[in-house]
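Below is my_file30.cif, which holds mmCIF, C-alpha atoms.
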```cif
data_protein
loop_
_atom_site.label_atom_id
_atom_site.label_comp_id
_atom_site.auth_asym_id
_atom_site.auth_seq_id
_atom_site.Cartn_x
_atom_site.Cartn_y
_atom_site.Cartn_z
CA MET X 1 98.79 147.62 107.44
CA SER X 2 96.75 144.47 107.12
CA LEU X 3 97.73 141.79 104.67
CA THR X 4 94.53 139.99 105.67
CA ASN X 5 92.39 142.90 104.46
CA ILE X 6 94.27 143.05 101.17
CA ARG X 7 93.92 139.32 100.65
CA SER X 8 90.24 139.53 101.54
CA LEU X 9 89.59 142.29 98.99
CA ILE X 10 91.19 140.33 96.17
CA GLU X 11 89.87 136.88 97.07
CA VAL X 12 86.27 138.04 97.48
CA ALA X 13 86.27 139.94 94.18
CA ILE X 14 87.87 137.07 92.25
CA THR X 15 85.62 134.44 93.82
CA ASP X 16 82.47 136.42 92.98
CA ALA X 17 83.56 137.03 89.40
CA TYR X 18 84.29 133.37 88.67
CA ALA X 19 81.12 132.26 90.45
CA ALA X 20 79.17 134.46 88.02
CA MET X 21 80.55 132.66 84.97
CA THR X 22 78.50 129.99 83.23
CA PRO X 23 79.27 127.36 84.33
CA ALA X 24 80.76 128.71 87.57
CA VAL X 25 84.50 128.22 87.97
CA PRO X 26 85.88 127.13 91.37
CA VAL X 27 88.78 129.14 92.76
CA VAL X 28 91.63 127.58 94.74
CA TYR X 29 93.46 129.78 97.25
CA ASP X 30 96.92 129.68 98.79
CA ASN X 31 97.39 126.96 101.41
CA VAL X 32 93.84 125.60 101.16
CA GLN X 33 93.81 122.39 99.19
CA GLU X 34 96.27 120.29 97.27
CA GLU X 35 93.83 118.35 95.10
CA PRO X 36 92.47 120.22 92.06
CA PRO X 37 88.65 120.58 92.15
CA GLY X 38 87.96 119.03 88.74
CA GLN X 39 88.92 119.79 85.18
CA GLU X 40 88.23 123.52 85.14
CA TYR X 41 89.38 125.83 87.89
CA VAL X 42 91.51 128.84 88.79
CA ILE X 43 94.38 129.06 91.27
CA LEU X 44 94.72 132.47 92.90
CA SER X 45 98.08 133.19 94.48
CA LEU X 46 99.27 136.30 96.33
CA SER X 47 102.79 137.13 97.43
CA TYR X 48 104.49 140.20 98.85
CA PRO X 49 107.94 140.94 97.45
CA GLU X 50 108.33 144.19 99.39
CA LEU X 51 106.64 145.76 102.41
CA ILE X 52 109.00 148.58 103.35
CA SER X 53 110.88 150.90 100.98
CA PRO X 54 113.94 152.92 101.92
CA VAL X 55 113.49 156.67 101.56
CA LEU X 56 115.90 159.23 100.16
CA CYS X 57 116.58 160.95 103.47
CA PRO X 58 119.16 158.86 105.41
CA ALA X 59 117.69 159.98 108.73
CA GLU X 60 114.40 158.27 107.98
CA SER X 61 114.02 154.54 108.40
CA GLY X 62 111.64 153.80 105.56
CA ILE X 63 108.10 154.15 104.35
CA GLU X 64 105.39 151.56 104.30
CA THR X 65 104.64 150.45 100.78
CA ILE X 66 103.01 147.12 100.28
CA ARG X 67 104.12 145.76 96.94
CA GLY X 68 102.46 142.51 96.03
CA ASN X 69 102.12 140.10 93.19
CA VAL X 70 98.87 138.48 92.14
CA SER X 71 98.81 135.40 89.91
CA LEU X 72 95.84 133.67 88.34
CA SER X 73 96.33 130.26 86.79
CA CYS X 74 93.31 129.24 84.69
CA TYR X 75 92.91 125.56 83.79
CA THR X 76 90.66 123.84 81.27
CA PRO X 77 90.84 120.40 79.65
CA ARG X 78 93.42 120.18 76.87
CA ALA X 79 92.32 120.21 73.23
CA THR X 80 89.08 122.09 73.80
CA GLY X 81 90.14 125.33 72.18
CA MET X 82 91.18 128.68 73.62
CA LYS X 83 87.77 130.32 74.06
CA ARG X 84 87.17 129.25 77.64
CA LEU X 85 90.78 129.92 78.68
CA ASP X 86 90.62 133.42 77.20
CA GLU X 87 87.29 134.08 78.91
CA MET X 88 88.61 132.99 82.29
CA ALA X 89 91.79 135.05 81.95
CA THR X 90 89.82 138.11 80.86
CA VAL X 91 87.41 137.86 83.79
CA GLY X 92 90.33 137.79 86.22
CA ILE X 93 92.16 140.74 84.67
CA THR X 94 88.98 142.80 84.40
CA VAL X 95 88.07 142.29 88.03
CA LEU X 96 91.56 143.11 89.29
CA ASN X 97 91.58 146.24 87.16
CA THR X 98 88.33 147.49 88.67
CA LEU X 99 89.50 147.08 92.26
CA LYS X 100 91.28 150.43 92.30
CA ALA X 101 87.98 152.24 91.83
CA GLN X 102 86.00 150.04 94.20
CA SER X 103 85.18 151.12 97.74
CA ASP X 104 86.27 148.55 100.28
CA PRO X 105 84.73 148.06 103.75
CA ASN X 106 88.25 147.74 105.16
CA ALA X 107 89.41 150.89 103.33
CA VAL X 108 92.08 149.08 101.34
CA ARG X 109 93.44 151.19 98.49
CA PHE X 110 94.52 148.91 95.67
CA ASN X 111 96.42 149.73 92.48
CA LEU X 112 97.19 147.22 89.78
CA GLY X 113 100.39 147.43 87.73
CA PRO X 114 100.96 146.19 84.18
CA VAL X 115 99.44 142.77 83.56
CA GLU X 116 101.58 139.99 82.12
CA GLY X 117 99.58 137.56 80.05
CA PRO X 118 97.45 135.70 79.46
CA VAL X 119 100.35 133.34 78.80
CA PRO X 120 99.09 130.01 77.38
CA VAL X 121 101.02 126.94 78.49
CA LEU X 122 100.13 124.12 76.12
CA THR X 123 103.39 122.20 75.82
CA GLY X 124 104.03 118.80 77.34
CA ASP X 125 101.54 116.03 77.96
CA ASN X 126 99.63 117.52 80.87
CA PRO X 127 95.88 116.80 80.47
CA LEU X 128 95.04 120.40 81.40
CA ALA X 129 95.77 123.52 79.37
CA LEU X 130 96.79 126.58 81.33
CA ALA X 131 96.55 130.32 80.82
CA ALA X 132 98.42 132.41 83.36
CA VAL X 133 97.97 136.09 84.14
CA SER X 134 99.87 137.97 86.77
CA ALA X 135 100.52 141.54 87.81
CA PRO X 136 102.30 143.54 90.46
CA PHE X 137 100.17 145.69 92.74
CA THR X 138 100.52 148.24 95.47
CA ALA X 139 98.06 148.40 98.33
CA LYS X 140 97.46 150.24 101.53
CA GLY X 141 95.01 149.36 104.24
CA MET K 1 131.66 167.30 94.44
CA THR K 2 133.36 166.77 91.09
CA VAL K 3 133.34 169.76 88.76
CA TYR K 4 133.08 168.70 85.13
CA LYS K 5 135.12 171.04 82.97
CA ASN K 6 133.12 170.29 79.86
CA PRO K 7 129.79 168.61 79.12
CA ASP K 8 131.48 165.61 77.42
CA ASP K 9 133.09 164.56 80.68
CA PHE K 10 129.77 164.70 82.47
CA PHE K 11 127.95 162.71 79.79
CA LYS K 12 130.71 160.08 79.77
CA ALA K 13 130.34 159.69 83.51
CA LEU K 14 126.56 159.54 83.12
CA ASP K 15 126.78 156.88 80.39
CA LYS K 16 129.09 154.82 82.58
CA ALA K 17 126.72 155.06 85.54
CA VAL K 18 123.72 154.05 83.41
CA ASP K 19 125.64 151.07 81.98
CA GLU K 20 126.66 149.94 85.47
CA GLY K 21 123.12 150.28 86.79
CA PHE K 22 121.69 148.36 83.86
CA SER K 23 124.34 145.64 84.15
CA ASP K 24 123.60 145.26 87.87
CA PHE K 25 119.88 144.93 87.09
CA VAL K 26 120.34 142.25 84.40
CA GLN K 27 122.71 140.19 86.53
CA GLU K 28 120.53 140.58 89.61
CA THR K 29 117.51 139.34 87.64
CA GLN K 30 119.42 136.32 86.38
CA GLY K 31 120.62 135.63 89.92
CA LEU K 32 117.15 135.90 91.43
CA LEU K 33 115.63 133.57 88.84
CA THR K 34 118.44 131.08 89.41
CA SER K 35 118.16 131.17 93.18
CA ARG K 36 114.35 131.16 93.32
CA ALA K 37 113.61 128.43 90.76
CA PRO K 38 112.56 125.05 92.16
CA ILE K 39 115.47 122.66 92.18
CA ASP K 40 115.86 118.92 91.82
CA THR K 41 118.59 118.13 89.33
CA GLY K 42 119.38 121.84 89.01
CA ARG K 43 119.04 121.86 85.21
CA LEU K 44 116.26 124.46 85.15
CA ALA K 45 117.88 126.71 87.77
CA SER K 46 121.19 126.56 85.90
CA SER K 47 119.77 127.41 82.48
CA PHE K 48 119.05 131.14 82.65
CA TYR K 49 121.28 132.57 79.91
CA ILE K 50 121.96 136.26 79.27
CA THR K 51 122.30 137.30 75.61
CA LYS K 52 122.20 140.49 73.60
CA SER K 53 120.05 141.21 70.51
CA GLN K 54 118.51 137.74 70.30
CA PRO K 55 117.41 135.05 72.74
CA SER K 56 119.86 132.29 73.54
CA ASN K 57 119.29 128.78 72.20
CA GLU K 58 121.56 127.23 74.81
CA VAL K 59 120.36 124.82 77.46
CA ARG K 60 122.00 122.57 80.01
CA PRO K 61 122.02 118.94 78.81
CA ALA K 62 119.26 116.53 79.83
CA ASP K 63 121.84 114.52 81.81
CA TRP K 64 122.97 117.65 83.69
CA ALA K 65 122.77 115.86 87.05
CA PRO K 66 120.97 112.92 88.66
CA PRO K 67 117.61 113.50 90.40
CA GLY K 68 118.06 115.19 93.76
CA ALA K 69 121.61 116.37 92.98
CA LYS K 70 120.62 120.07 93.14
CA LYS K 71 123.59 121.00 90.96
CA GLN K 72 123.26 124.74 90.47
CA SER K 73 125.63 126.75 88.31
CA LYS K 74 124.70 130.16 86.89
CA PRO K 75 125.88 130.66 83.26
CA GLU K 76 128.20 133.68 83.29
CA TYR K 77 127.92 136.23 80.48
CA GLU K 78 131.43 136.71 79.14
CA GLY K 79 131.08 140.19 77.64
CA LYS K 80 130.25 143.56 79.10
CA ILE K 81 126.58 144.36 79.70
CA LYS K 82 125.72 147.89 78.59
CA ALA K 83 122.47 149.76 78.10
CA ASP K 84 122.90 149.81 74.35
CA GLY K 85 120.37 147.39 72.92
CA THR K 86 117.89 144.63 73.68
CA TRP K 87 118.94 142.06 76.24
CA TYR K 88 117.39 138.67 76.94
CA ILE K 89 117.41 136.23 79.82
CA THR K 90 116.34 132.94 78.29
CA ASN K 91 115.57 129.49 79.67
CA ASN K 92 115.18 126.71 77.09
CA VAL K 93 114.54 123.75 79.38
CA PRO K 94 111.46 122.09 77.78
CA TYR K 95 109.40 122.21 80.96
CA ALA K 96 110.43 125.77 81.93
CA ASP K 97 107.13 127.45 81.10
CA ARG K 98 105.13 124.88 83.07
CA VAL K 99 107.31 125.34 86.13
CA ALA K 100 107.24 129.12 85.73
CA TYR K 101 103.49 129.54 85.30
CA ASP K 102 101.81 126.43 86.73
CA PRO K 103 101.60 126.47 90.55
CA VAL K 104 101.20 122.70 90.56
CA TYR K 105 104.73 122.29 89.17
CA GLY K 106 106.29 125.46 90.56
CA LYS K 107 105.12 125.10 94.14
CA ASN K 108 108.62 124.30 95.39
CA GLY K 109 110.00 127.62 94.25
CA ARG K 110 112.68 128.81 96.66
CA GLY K 111 111.34 132.34 96.84
CA PHE K 112 107.60 133.16 96.88
CA GLY K 113 106.70 129.50 96.36
CA ALA K 114 104.63 128.83 93.25
CA ALA K 115 104.87 132.52 92.30
CA TRP K 116 108.70 132.38 92.15
CA TYR K 117 108.76 133.45 88.51
CA THR K 118 105.93 135.98 88.25
CA ALA K 119 106.83 137.62 91.58
CA THR K 120 110.35 138.10 90.23
CA VAL K 121 109.65 139.41 86.73
CA ASN K 122 106.71 141.57 87.79
CA GLN K 123 109.07 143.56 90.01
CA ASN K 124 111.53 144.19 87.14
CA SER K 125 110.63 147.84 86.64
CA LYS K 126 110.98 148.53 90.37
CA ARG K 127 114.33 146.73 90.56
CA LEU K 128 115.60 148.53 87.44
CA GLU K 129 114.64 151.83 89.03
CA ASP K 130 116.44 150.86 92.25
CA ALA K 131 119.59 149.75 90.37
CA MET K 132 119.70 152.98 88.38
CA THR K 133 119.18 155.06 91.51
CA ARG K 134 122.04 153.28 93.28
CA SER K 135 124.33 153.76 90.30
CA LEU K 136 123.46 157.40 89.62
CA ARG K 137 123.96 158.30 93.26
CA LYS K 138 127.64 157.41 92.82
CA LEU K 139 127.99 160.31 90.37
CA GLN K 140 129.78 162.98 92.37
#
```
Here is a file; write its structure as structure tokens.
Amino acid sequence: MSLTNIRSLIEVAITDAYAAMTPAVPVVYDNVQEEPPGQEYVILSLSYPELISPVLCPAESGIETIRGNVSLSCYTPRATGMKRLDEMATVGITVLNTLKAQSDPNAVRFNLGPVEGPVPVLTGDNPLALAAVSAPFTAKG
Amino acid sequence: MTVYKNPDDFFKALDKAVDEGFSDFVQETQGLLTSRAPIDTGRLASSFYITKSQPSNEVRPADWAPPGAKKQSKPEYEGKIKADGTWYITNNVPYADRVAYDPVYGKNGRGFGAAWYTATVNQNSKRLEDAMTRSLRKLQ
């Protein structure tokens, strides 16, 4: 089990996908920087709600199942329409969805669950509009 | 092992087990959201309401507690929760969606940091499965 390999698989794929957009969109990772890198960016966040599952047989201690949660928060300036937000959310979902079929140098096997979103958050007086997508995943590697 | 003398007895026991499992799941979800939400006054964390058939329009008042008070009180559902319809867990605090989905505002989540909300709700199907398994195992 390597959480580093799983994180690497996701972060590299997401970074490449947003770098290929026009204009390129910077990605902010967990525990890297506090200050947002401008008016348009994506925050990628990974968490692991469950690493070990109990098994039916009481004599066994458990099986290794890495259950994670991936969240993408896409920001654009407020009052500029939904097109860019939708594009950014779609890029993120599409890339995550293709990871299960992608060969990984670290042999991580990744499976994405049902995606929640994109959820637009436009209320309040924040100068940035937000679209959030998130999904559970299972991974081994 | 219990021997059911007719199918009705078995299906009654099964219905009861399903209702208990579902009730455990709904209350566990409300509890997790309450305990994982970022807290300052405690208004957001204390505003997850359980309702049946339609979302709640209730919310803790704006003067719920002074800043930093961390006053947390989970709204208790008075009735019986059964797997017989559509159930909602609603939060009507005006800034709830920002804190739930925006890592800038949700970073002080008390479980999974900024992902306190998505990491909780995205595991709902797994937790429902676990709650049902626990409950159905009690059927003898």
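Remark: for Val121 in chain K, the closest of the candidate residues K:Lys71, K:Asp15, K:Leu136, K:Ala100 is K:Ala100 (distances computed over all atoms listed in the file).
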Around (112.9, 127.9, 95.1) in the file's own coordinates, what residues are found within 7 Å if you use only C-alpha atoms, given back as a PyMOL selection string? chain K and resi 35-39+108-111+113+116
Tell me which of K:Leu139, K:Ala62, K:Ala131, K:Ala69 sits closest to Tyr95 in chain K, counting all atoms listed in the file. K:Ala62
Name the residues that the PyMOL selection byres ((chain K) within 8 of (chain X)) pulls out of this structure, and write them as an MDAnalysis selection string. chainID K and resid 95 97:98 101:103 112 114:115 118:119 122:123
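With all atoms listed in the file as the basis for measurement, X:Met88 is the residue among X:Met88, X:Gly81, X:Asn5, X:Val108 that approaches Thr22 in chain X most closely.
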Mind giving me the axis-aligned box for range 132-140 of chain K with 3 Å on every side, centre plus edges in Å to one decimal, as lines of an AutoDock Vina configuration file?
```
center_x = 124.5
center_y = 158.0
center_z = 90.8
size_x = 16.6
size_y = 16.0
size_z = 10.9
```
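Between CA of Val27 in chain X and CA of Glu11 in chain X the interatomic distance comes to 8.9 Å.
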Please list, as a ChimeraX atom specification, the residues that have an atom at most 12 Å away from (124.0, 144.7, 74.9) in the coordinates of this file, counting all atoms listed in the file. /K:19,22-23,26,50-55,77-89
Dump of C-alpha atoms for the selected residues, as a PDB file, in the frame of the given file:
```
ATOM      1  CA  ASP K  19     125.640 151.070  81.980  1.00  0.00           C
ATOM      2  CA  PHE K  22     121.690 148.360  83.860  1.00  0.00           C
ATOM      3  CA  SER K  23     124.340 145.640  84.150  1.00  0.00           C
ATOM      4  CA  VAL K  26     120.340 142.250  84.400  1.00  0.00           C
ATOM      5  CA  ILE K  50     121.960 136.260  79.270  1.00  0.00           C
ATOM      6  CA  THR K  51     122.300 137.300  75.610  1.00  0.00           C
ATOM      7  CA  LYS K  52     122.200 140.490  73.600  1.00  0.00           C
ATOM      8  CA  SER K  53     120.050 141.210  70.510  1.00  0.00           C
ATOM      9  CA  GLN K  54     118.510 137.740  70.300  1.00  0.00           C
ATOM     10  CA  PRO K  55     117.410 135.050  72.740  1.00  0.00           C
ATOM     11  CA  TYR K  77     127.920 136.230  80.480  1.00  0.00           C
ATOM     12  CA  GLU K  78     131.430 136.710  79.140  1.00  0.00           C
ATOM     13  CA  GLY K  79     131.080 140.190  77.640  1.00  0.00           C
ATOM     14  CA  LYS K  80     130.250 143.560  79.100  1.00  0.00           C
ATOM     15  CA  ILE K  81     126.580 144.360  79.700  1.00  0.00           C
ATOM     16  CA  LYS K  82     125.720 147.890  78.590  1.00  0.00           C
ATOM     17  CA  ALA K  83     122.470 149.760  78.100  1.00  0.00           C
ATOM     18  CA  ASP K  84     122.900 149.810  74.350  1.00  0.00           C
ATOM     19  CA  GLY K  85     120.370 147.390  72.920  1.00  0.00           C
ATOM     20  CA  THR K  86     117.890 144.630  73.680  1.00  0.00           C
ATOM     21  CA  TRP K  87     118.940 142.060  76.240  1.00  0.00           C
ATOM     22  CA  TYR K  88     117.390 138.670  76.940  1.00  0.00           C
ATOM     23  CA  ILE K  89     117.410 136.230  79.820  1.00  0.00           C
TER      24      ILE K  89
END
```
Once the PyMOL selection byres ((chain K and resi 44) around 9) has been evaluated on this model, what residues remain selected, and can you format them as JSON, numbers by chain? {"K": [34, 37, 38, 39, 40, 41, 42, 43, 45, 46, 47, 48, 59, 60, 72, 91, 92, 93, 95, 96]}
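The space separating CA of Pro118 in chain X from CA of Asp86 in chain X comes to 7.5 Å.
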What's around Ala101 in chain X at 10 Å? Count only C-alpha atoms, leave out sequence neighbours fewer than 4 positions away in its own chain, and write the answer as a PyMOL selection string. chain X and resi 97+109-111
Selection dump of the PyMOL selection byres ((chain K and resi 137) around 12), as a list in words: Leu56 of chain X; Met1, Ala13, Leu14, Ala17, Val18, Glu20, Gly21, Asp130, Ala131, Met132, Thr133, Arg134, Ser135, Leu136, Lys138, Leu139 and Gln140 of chain K
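One finds CA of Val104 in chain K at 13.7 Å from CA of Gln39 in chain X.
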Give me the residues near Thr80 in chain X as a list in words, where near means some atom within 10 Å (using only C-alpha atoms) and where sequence neighbours in that chain fewer than 4 positions away do not count. Thr76, Arg84, Leu85, Leu128 and Ala129 of chain X
